[in-house]
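A.B. asks: Got a structure for you, entry_23.cif, holding mmCIF, C-alpha atoms.
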data_target
#
loop_
_atom_site.label_atom_id
_atom_site.label_comp_id
_atom_site.auth_asym_id
_atom_site.auth_seq_id
_atom_site.Cartn_x
_atom_site.Cartn_y
_atom_site.Cartn_z
CA MET A 116 173.99 103.01 -12.36
CA ARG A 117 171.39 104.47 -14.68
CA PHE A 118 169.74 102.56 -17.54
CA ALA A 119 168.19 103.92 -20.71
CA VAL A 120 165.44 101.99 -22.47
CA CYS A 121 165.13 103.10 -26.08
CA VAL A 122 161.68 103.70 -27.50
CA PHE A 123 161.04 103.61 -31.24
CA PRO A 124 157.62 103.71 -32.86
CA GLY A 125 156.60 100.05 -32.62
CA SER A 126 158.80 99.07 -29.69
CA ASN A 127 156.62 96.90 -27.46
CA CYS A 128 158.90 95.35 -24.85
CA ASP A 129 159.97 98.75 -23.59
CA TYR A 130 157.68 98.74 -20.55
CA ASP A 131 158.53 95.16 -19.58
CA THR A 132 162.21 96.01 -19.73
CA TYR A 133 161.68 99.25 -17.80
CA TYR A 134 159.67 97.40 -15.17
CA VAL A 135 162.32 94.73 -14.59
CA ILE A 136 165.09 97.30 -14.25
CA ARG A 137 163.07 99.54 -11.91
CA ASP A 138 161.13 97.02 -9.82
CA VAL A 139 163.22 93.86 -9.89
CA LEU A 140 166.77 95.23 -10.15
CA GLU A 141 165.79 98.44 -8.32
CA LYS A 142 167.99 100.55 -10.56
CA GLU A 143 167.38 103.97 -12.06
CA VAL A 144 165.87 103.78 -15.52
CA GLU A 145 164.42 106.19 -18.05
CA PHE A 146 162.81 105.90 -21.47
CA VAL A 147 164.62 107.63 -24.29
CA ASP A 148 162.74 108.71 -27.38
CA HIS A 149 163.92 107.86 -30.91
CA ARG A 150 164.39 111.55 -31.72
CA SER A 151 166.84 112.07 -28.88
CA ARG A 152 170.55 112.40 -29.57
CA ASP A 153 171.69 112.51 -25.97
CA LEU A 154 172.60 109.39 -23.97
CA SER A 155 175.21 111.08 -21.79
CA ARG A 156 173.17 110.54 -18.59
CA TYR A 157 173.30 106.76 -18.85
CA ASP A 158 175.62 103.87 -18.05
CA VAL A 159 173.74 101.12 -19.89
CA VAL A 160 171.51 101.38 -22.94
CA VAL A 161 168.92 98.68 -23.61
CA VAL A 162 167.34 98.44 -27.05
CA PRO A 163 164.13 96.50 -26.37
CA GLY A 164 162.08 94.14 -28.48
CA GLY A 165 159.11 94.95 -30.64
CA PHE A 166 158.42 95.81 -34.25
CA SER A 167 160.06 99.17 -34.72
CA TYR A 168 158.64 100.92 -37.79
CA GLY A 169 156.50 97.86 -38.45
CA ASP A 170 159.60 95.90 -39.52
CA TYR A 171 159.35 97.83 -42.81
CA LEU A 172 162.24 97.42 -45.26
CA ARG A 173 163.87 94.87 -42.90
CA PRO A 174 163.48 94.38 -39.14
CA GLY A 175 165.52 97.08 -37.45
CA ALA A 176 166.53 98.78 -40.70
CA LEU A 177 164.64 102.02 -40.22
CA ALA A 178 165.30 102.32 -36.48
CA ALA A 179 169.01 102.02 -37.26
CA ARG A 180 168.83 105.29 -39.25
CA THR A 181 167.35 107.46 -36.48
CA PRO A 182 169.01 110.16 -34.36
CA LEU A 183 168.83 107.83 -31.35
CA ALA A 184 170.62 105.11 -33.30
CA GLU A 185 173.46 107.53 -34.00
CA ALA A 186 173.60 108.30 -30.30
CA ILE A 187 173.69 104.57 -29.47
CA TYR A 188 176.57 104.16 -31.89
CA GLU A 189 178.55 106.97 -30.25
CA PHE A 190 177.67 105.69 -26.77
CA SER A 191 179.07 102.26 -27.66
CA GLN A 192 182.28 103.77 -29.00
CA LYS A 193 182.99 105.03 -25.47
CA GLY A 194 183.05 101.43 -24.28
CA LYS A 195 179.71 101.67 -22.50
CA ILE A 196 177.31 98.74 -22.39
CA VAL A 197 174.58 98.31 -25.00
CA LEU A 198 172.16 95.38 -24.89
CA GLY A 199 169.79 94.64 -27.77
CA ILE A 200 166.97 92.17 -27.19
CA CYS A 201 165.07 90.64 -30.12
CA ASN A 202 164.18 93.63 -32.34
CA GLY A 203 166.93 95.45 -30.43
CA PHE A 204 169.39 92.78 -31.61
CA GLN A 205 168.15 93.29 -35.17
CA ILE A 206 168.61 97.05 -34.83
CA LEU A 207 172.18 96.65 -33.56
CA THR A 208 173.14 94.39 -36.48
CA GLU A 209 171.58 96.84 -38.95
CA LEU A 210 173.51 99.60 -37.23
CA GLY A 211 176.74 97.67 -37.76
CA LEU A 212 177.46 97.40 -34.03
CA LEU A 213 177.10 93.62 -34.07
CA PRO A 214 178.22 91.17 -36.75
CA GLY A 215 175.77 89.24 -38.91
CA ALA A 216 172.09 89.65 -39.71
CA LEU A 217 168.74 88.17 -38.68
CA LEU A 218 166.74 86.54 -41.47
CA PRO A 219 163.18 85.17 -41.57
CA ASN A 220 162.76 81.93 -39.61
CA THR A 221 163.30 78.87 -41.80
CA ASN A 222 159.69 77.73 -41.33
CA MET A 223 158.33 81.24 -42.07
CA ARG A 224 156.38 81.18 -38.82
CA PHE A 225 156.32 83.50 -35.89
CA VAL A 226 157.75 81.43 -33.05
CA CYS A 227 156.62 82.36 -29.54
CA ARG A 228 157.62 79.92 -26.83
CA ASP A 229 160.18 79.10 -24.19
CA VAL A 230 163.48 77.89 -25.58
CA ARG A 231 166.54 76.53 -23.88
CA ILE A 232 169.82 78.28 -24.51
CA ARG A 233 173.30 77.22 -23.45
CA VAL A 234 175.84 79.70 -22.15
CA GLU A 235 178.87 79.58 -24.47
CA ASN A 236 181.01 82.27 -22.86
CA ASP A 237 180.76 83.08 -19.15
CA ASN A 238 183.52 85.65 -19.20
CA THR A 239 181.55 88.66 -20.42
CA LYS A 240 179.79 91.62 -18.82
CA LEU A 241 176.43 90.00 -19.62
CA THR A 242 177.17 86.42 -18.53
CA LYS A 243 179.71 86.59 -15.72
CA LYS A 244 177.17 85.45 -13.12
CA LEU A 245 176.54 82.31 -15.17
CA GLU A 246 178.62 79.29 -15.97
CA LYS A 247 179.68 78.02 -19.32
CA GLY A 248 177.43 75.14 -20.37
CA GLU A 249 174.60 76.27 -18.11
CA ILE A 250 171.15 75.95 -19.72
CA LEU A 251 168.64 78.77 -19.39
CA ARG A 252 164.94 78.67 -20.17
CA ILE A 253 163.91 81.98 -21.72
CA PRO A 254 161.10 82.79 -24.19
CA VAL A 255 161.57 83.87 -27.78
CA ALA A 256 158.95 85.73 -29.82
CA HIS A 257 160.06 86.52 -33.34
CA HIS A 258 159.55 85.99 -37.04
CA ASP A 259 163.06 86.97 -38.11
CA GLY A 260 165.47 85.29 -35.75
CA ARG A 261 167.60 83.19 -38.07
CA TYR A 262 171.10 84.38 -37.31
CA TYR A 263 173.40 84.50 -40.29
CA VAL A 264 177.01 85.49 -40.65
CA PRO A 265 179.44 84.62 -43.47
CA GLU A 266 181.61 81.56 -42.86
CA ASP A 267 184.89 83.43 -42.31
CA GLN A 268 183.24 85.75 -39.79
CA LEU A 269 181.69 82.79 -37.96
CA LYS A 270 185.15 81.36 -37.37
CA GLU A 271 186.30 84.72 -36.06
CA LEU A 272 183.33 84.87 -33.68
CA GLU A 273 184.10 81.42 -32.34
CA LYS A 274 187.79 82.11 -31.96
CA ARG A 275 187.18 85.34 -30.08
CA GLY A 276 184.46 83.94 -27.83
CA GLN A 277 181.86 86.35 -29.22
CA ILE A 278 179.13 83.73 -29.27
CA LEU A 279 177.22 84.19 -26.02
CA PHE A 280 174.41 81.63 -26.30
CA ARG A 281 173.41 78.71 -28.49
CA TYR A 282 169.93 77.18 -28.77
CA VAL A 283 169.61 73.67 -27.42
CA ASP A 284 166.69 73.13 -29.81
CA ASN A 285 167.10 75.64 -32.60
CA PRO A 286 163.68 77.28 -33.19
CA ASN A 287 164.47 79.39 -36.26
CA GLY A 288 167.26 77.87 -38.33
CA SER A 289 170.04 80.06 -36.92
CA LEU A 290 173.49 79.30 -38.23
CA SER A 291 175.42 77.21 -35.74
CA ASP A 292 172.42 77.47 -33.34
CA ILE A 293 173.46 80.99 -32.40
CA ALA A 294 171.03 82.81 -30.07
CA GLY A 295 173.21 85.73 -28.97
CA VAL A 296 176.50 87.41 -29.81
CA MET A 297 178.68 90.29 -28.68
CA ASN A 298 181.03 92.66 -30.45
CA ARG A 299 184.80 92.21 -30.44
CA GLU A 300 185.29 94.78 -27.71
CA GLY A 301 182.82 93.00 -25.41
CA ASN A 302 180.51 95.94 -24.64
CA VAL A 303 177.70 95.47 -27.17
CA PHE A 304 175.40 92.47 -26.77
CA GLY A 305 172.53 91.09 -28.82
CA MET A 306 170.19 88.18 -28.21
CA MET A 307 166.89 86.96 -29.62
CA PRO A 308 165.46 85.46 -26.37
CA HIS A 309 163.78 87.87 -23.95
CA PRO A 310 165.43 87.91 -20.51
CA GLU A 311 162.98 90.62 -19.39
CA ARG A 312 160.18 88.08 -19.80
CA ALA A 313 161.98 85.58 -17.56
CA SER A 314 162.99 87.66 -14.59
CA GLU A 315 160.40 86.70 -11.98
CA ASP A 316 158.96 83.38 -10.87
CA VAL A 317 155.46 84.64 -11.61
CA MET A 318 156.49 84.78 -15.26
CA GLY A 319 157.33 81.08 -15.26
CA SER A 320 161.09 81.45 -15.24
CA HIS A 321 163.65 83.69 -13.61
CA ASP A 322 166.53 82.40 -15.72
CA GLY A 323 166.95 85.82 -17.33
CA LEU A 324 167.74 87.46 -13.99
CA MET A 325 171.37 86.44 -13.91
CA LEU A 326 171.98 88.39 -17.12
CA TRP A 327 170.70 91.58 -15.48
CA TYR A 328 172.65 90.85 -12.32
CA SER A 329 175.78 90.34 -14.40
CA LEU A 330 175.28 93.76 -16.00
CA ILE A 331 174.93 95.57 -12.68
CA SER A 332 177.70 93.80 -10.77
CA ASP A 333 181.24 95.19 -10.71
CA MET B 132 163.64 114.46 -61.19
CA LYS B 133 164.25 110.96 -62.43
CA ARG B 134 162.46 107.77 -61.55
CA VAL B 135 164.56 104.78 -60.53
CA ARG B 136 163.66 101.23 -59.67
CA ILE B 137 165.60 99.11 -57.21
CA LEU B 138 165.27 95.34 -57.39
CA ILE B 139 166.27 93.57 -54.20
CA ARG B 140 166.59 89.83 -53.76
CA PRO B 141 168.02 87.55 -51.09
CA LYS B 142 171.73 87.01 -51.62
CA LYS B 143 172.55 84.00 -53.75
CA GLY B 144 173.23 80.94 -51.63
CA LEU B 145 171.14 82.15 -48.68
CA LEU B 146 168.03 80.15 -47.89
CA ASP B 147 164.97 82.10 -49.05
CA PRO B 148 162.04 80.48 -47.22
CA GLN B 149 159.49 82.72 -48.96
CA GLY B 150 160.72 81.64 -52.36
CA ARG B 151 160.74 78.05 -51.24
CA ALA B 152 157.16 78.27 -49.95
CA VAL B 153 155.97 79.73 -53.27
CA ARG B 154 157.88 77.06 -55.20
CA GLU B 155 156.32 74.25 -53.16
CA MET B 156 152.84 75.71 -53.63
CA LEU B 157 153.35 75.87 -57.42
CA ARG B 158 154.68 72.32 -57.49
CA ASP B 159 151.67 71.16 -55.46
CA GLN B 160 149.52 72.80 -58.15
CA GLY B 161 151.21 70.60 -60.72
CA PHE B 162 153.59 73.16 -62.25
CA LYS B 163 157.13 72.17 -63.04
CA VAL B 164 159.13 74.99 -61.50
CA GLY B 165 162.78 75.30 -60.57
CA ASP B 166 164.20 77.91 -58.26
CA VAL B 167 161.84 80.67 -57.04
CA VAL B 168 163.12 83.85 -55.42
CA VAL B 169 160.96 86.41 -53.62
CA GLY B 170 162.43 89.88 -53.31
CA LYS B 171 161.14 93.42 -53.35
CA VAL B 172 160.87 96.38 -55.66
CA ILE B 173 161.36 99.95 -54.55
CA GLU B 174 160.59 102.77 -56.94
CA MET B 175 161.52 106.32 -56.12
CA GLU B 176 161.83 109.72 -57.65
CA VAL B 177 165.15 111.40 -57.01
CA GLU B 178 166.95 114.46 -58.26
CA ASP B 179 168.74 113.91 -61.53
CA SER B 180 172.12 114.49 -59.91
CA GLN B 181 171.49 112.06 -57.02
CA ASP B 182 174.11 109.33 -56.68
CA ILE B 183 171.63 106.49 -56.37
CA LYS B 184 174.21 103.76 -55.71
CA THR B 185 175.41 105.40 -52.49
CA LEU B 186 171.84 106.02 -51.35
CA VAL B 187 170.88 102.39 -51.95
CA GLU B 188 173.97 100.82 -50.44
CA LYS B 189 173.94 102.97 -47.33
CA PHE B 190 170.24 103.19 -46.60
CA ILE B 191 168.20 100.67 -48.55
CA VAL B 192 169.93 97.29 -48.79
CA ASN B 193 171.86 95.16 -46.36
CA PRO B 194 174.73 93.90 -48.54
CA LEU B 195 175.39 91.04 -46.15
CA ILE B 196 172.10 89.36 -47.03
CA GLU B 197 170.78 91.08 -50.14
CA ASP B 198 171.76 91.57 -53.78
CA TYR B 199 170.32 94.46 -55.75
CA GLU B 200 170.04 95.99 -59.18
CA ILE B 201 169.26 99.57 -60.06
CA GLU B 202 167.17 100.27 -63.12
CA GLU B 203 167.34 103.79 -64.45
CA PRO B 204 165.31 104.64 -67.52
#
Translate the structure described by the file into structure tokens.
C.D. replies:
Amino acid sequence: MRFAVCVFPGSNCDYDTYYVIRDVLEKEVEFVDHRSRDLSRYDVVVVPGGFSYGDYLRPGALAARTPLAEAIYEFSQKGKIVLGICNGFQILTELGLLPGALLPNTNMRFVCRDVRIRVENDNTKLTKKLEKGEILRIPVAHHDGRYYVPEDQLKELEKRGQILFRYVDNPNGSLSDIAGVMNREGNVFGMMPHPERASEDVMGSHDGLMLWYSLISD
Amino acid sequence: MKRVRILIRPKKGLLDPQGRAVREMLRDQGFKVGDVVVGKVIEMEVEDSQDIKTLVEKFIVNPLIEDYEIEEP
């Protein structure tokens, strides 16, 4: 199983993500540049956190119009797994691969701390090693993490089990406390918390590990 | 070439914390102000034949969270 970690100008969690996949999961992993159009070598694509293009226009908006974004779109249409973390989540919503949008935090502050999130669906490729209701402690670090989706779409998400995680103590004003969602087909995932920053005890929490293990288990 | 101006504001009904922060500051200064909205302005020069609506809707705004107006002289 070979992972791709996407690199846009301004990505800054790319190395952390790469490190966890290579050194903790011991899986093959390569960086892929934003100008690349070829993801055919990979089984899983991770769109890491950061501030791609300085968050200009809107977070994720410019990255979602790059050659690599087109390749991610095509990759996802083959049913392969795409995971967007933080800015990666924003990019995937701007790309139209995930429902909703991420707006500025209600308090207009950058929030950088551990949060607790509850697993809402344990029957997905990202959460199958977890149990519904389980609480994970994983850090967030964002200014624009307020998840929004129109009311009718929210009902659809709930009905189809597309809500992956909810905040226990909502740090950003997200609608319905939503911290992570997936697409209808169940192969594209987005979350604001950073599992790559909670994958070893030395980092203060290894609660993110089970997400990675879920991805690599059959 | 023609010059166009695109006015973008948060969609009506969505909480606009920037607008709210500005409103609260003005009220603290003693001004009587109602709703305040903070958006953005983009000006660009495009070819006369350019279909600006398509360009804006596909590449500039996110219609889920933003309303926009195009001003063409």
A.B. asks: Translate the PyMOL selection byres ((chain B) within 8 of (chain A)) into a concrete residue list for this structure, as a list in words.
C.D. replies: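 For this structure, the PyMOL selection byres ((chain B) within 8 of (chain A)) resolves to Leu146, Pro148, Gln149, Phe190, Ile191, Asn193, Leu195 and Ile196 of chain B.
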A.B. asks: Could you state the separation of CA of Asp333 (chain A) and CA of Glu311 (chain A) in Å, given to one decimal place?
C.D. replies: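 Taking CA of Asp333 (chain A) as the start and CA of Glu311 (chain A) as the end point, the length is 20.7 Å.
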A.B. asks: Using all atoms listed in the file, which protein or nucleic acid residues come within 7 Å of region 121-126 of chain A? Drop anything in the same chain fewer than 2 positions from it, and give the result as a short mmCIF file (atom, residue, chain, number, x, y, z; two decimals) with C-alpha atoms, in the coordinates of the input.
C.D. replies:
data_model
loop_
_atom_site.label_atom_id
_atom_site.label_comp_id
_atom_site.auth_asym_id
_atom_site.auth_seq_id
_atom_site.Cartn_x
_atom_site.Cartn_y
_atom_site.Cartn_z
CA ALA A 119 168.19 103.92 -20.71
CA CYS A 128 158.90 95.35 -24.85
CA ASP A 129 159.97 98.75 -23.59
CA PHE A 146 162.81 105.90 -21.47
CA VAL A 147 164.62 107.63 -24.29
CA ASP A 148 162.74 108.71 -27.38
CA HIS A 149 163.92 107.86 -30.91
CA VAL A 161 168.92 98.68 -23.61
CA VAL A 162 167.34 98.44 -27.05
CA PRO A 163 164.13 96.50 -26.37
CA GLY A 164 162.08 94.14 -28.48
CA GLY A 165 159.11 94.95 -30.64
CA PHE A 166 158.42 95.81 -34.25
CA SER A 167 160.06 99.17 -34.72
CA TYR A 168 158.64 100.92 -37.79
CA GLY A 169 156.50 97.86 -38.45
CA ALA A 178 165.30 102.32 -36.48
#
A.B. asks: To one decimal in Å, tell me the separation between CA of Lys240 (chain A) and CA of Thr181 (chain A).
C.D. replies: 26.8 Å
A.B. asks: Can you list, as a ChimeraX atom specification, the residues that the PyMOL selection byres ((chain A and resi 273) around 12) selects here?
C.D. replies: /A:235-236,264,266-272,274-281,291,293,296-299
A.B. asks: What would the selection look like, as a ChimeraX atom specification, if the PyMOL selection byres ((chain A and resi 318) around 12) were run on the coordinates I just shared?
C.D. replies: /A:131,135,229,252-254,309-317,319-324
A.B. asks: Env of Phe204 (chain A): 6 Å cut, atoms = all atoms listed in the file, seq-sep filter 4 positions within chain, self excluded. Answer as a PyMOL selection string.
C.D. replies: chain A and resi 199-200+305-306
A.B. asks: One decimal, in Å: what's the spacing between CA of Leu330 (chain A) and CA of Cys227 (chain A)?
C.D. replies: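 Spanning CA of Leu330 (chain A) to CA of Cys227 (chain A) is a straight-line distance of 25.7 Å.
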A.B. asks: If we count only C-alpha atoms, what is near Arg154 (chain B) at a cut-off of 10 Å, once residues fewer than 6 positions away on the same chain are taken out, given as a list in words?
C.D. replies: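 Close residues of Arg154 (chain B): Pro148, Gln160, Phe162, Lys163, Val164, Gly165, Asp166, Val167, Val168 and Val169 of chain B.
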A.B. asks: Which residues are close to Tyr199 (chain B), i.e. within 12 Å by all atoms listed in the file, leaving aside same-chain residues fewer than 5 positions away? Reply as a PyMOL selection string.
C.D. replies: chain B and resi 136-143+170-173+184+187-188+191-194
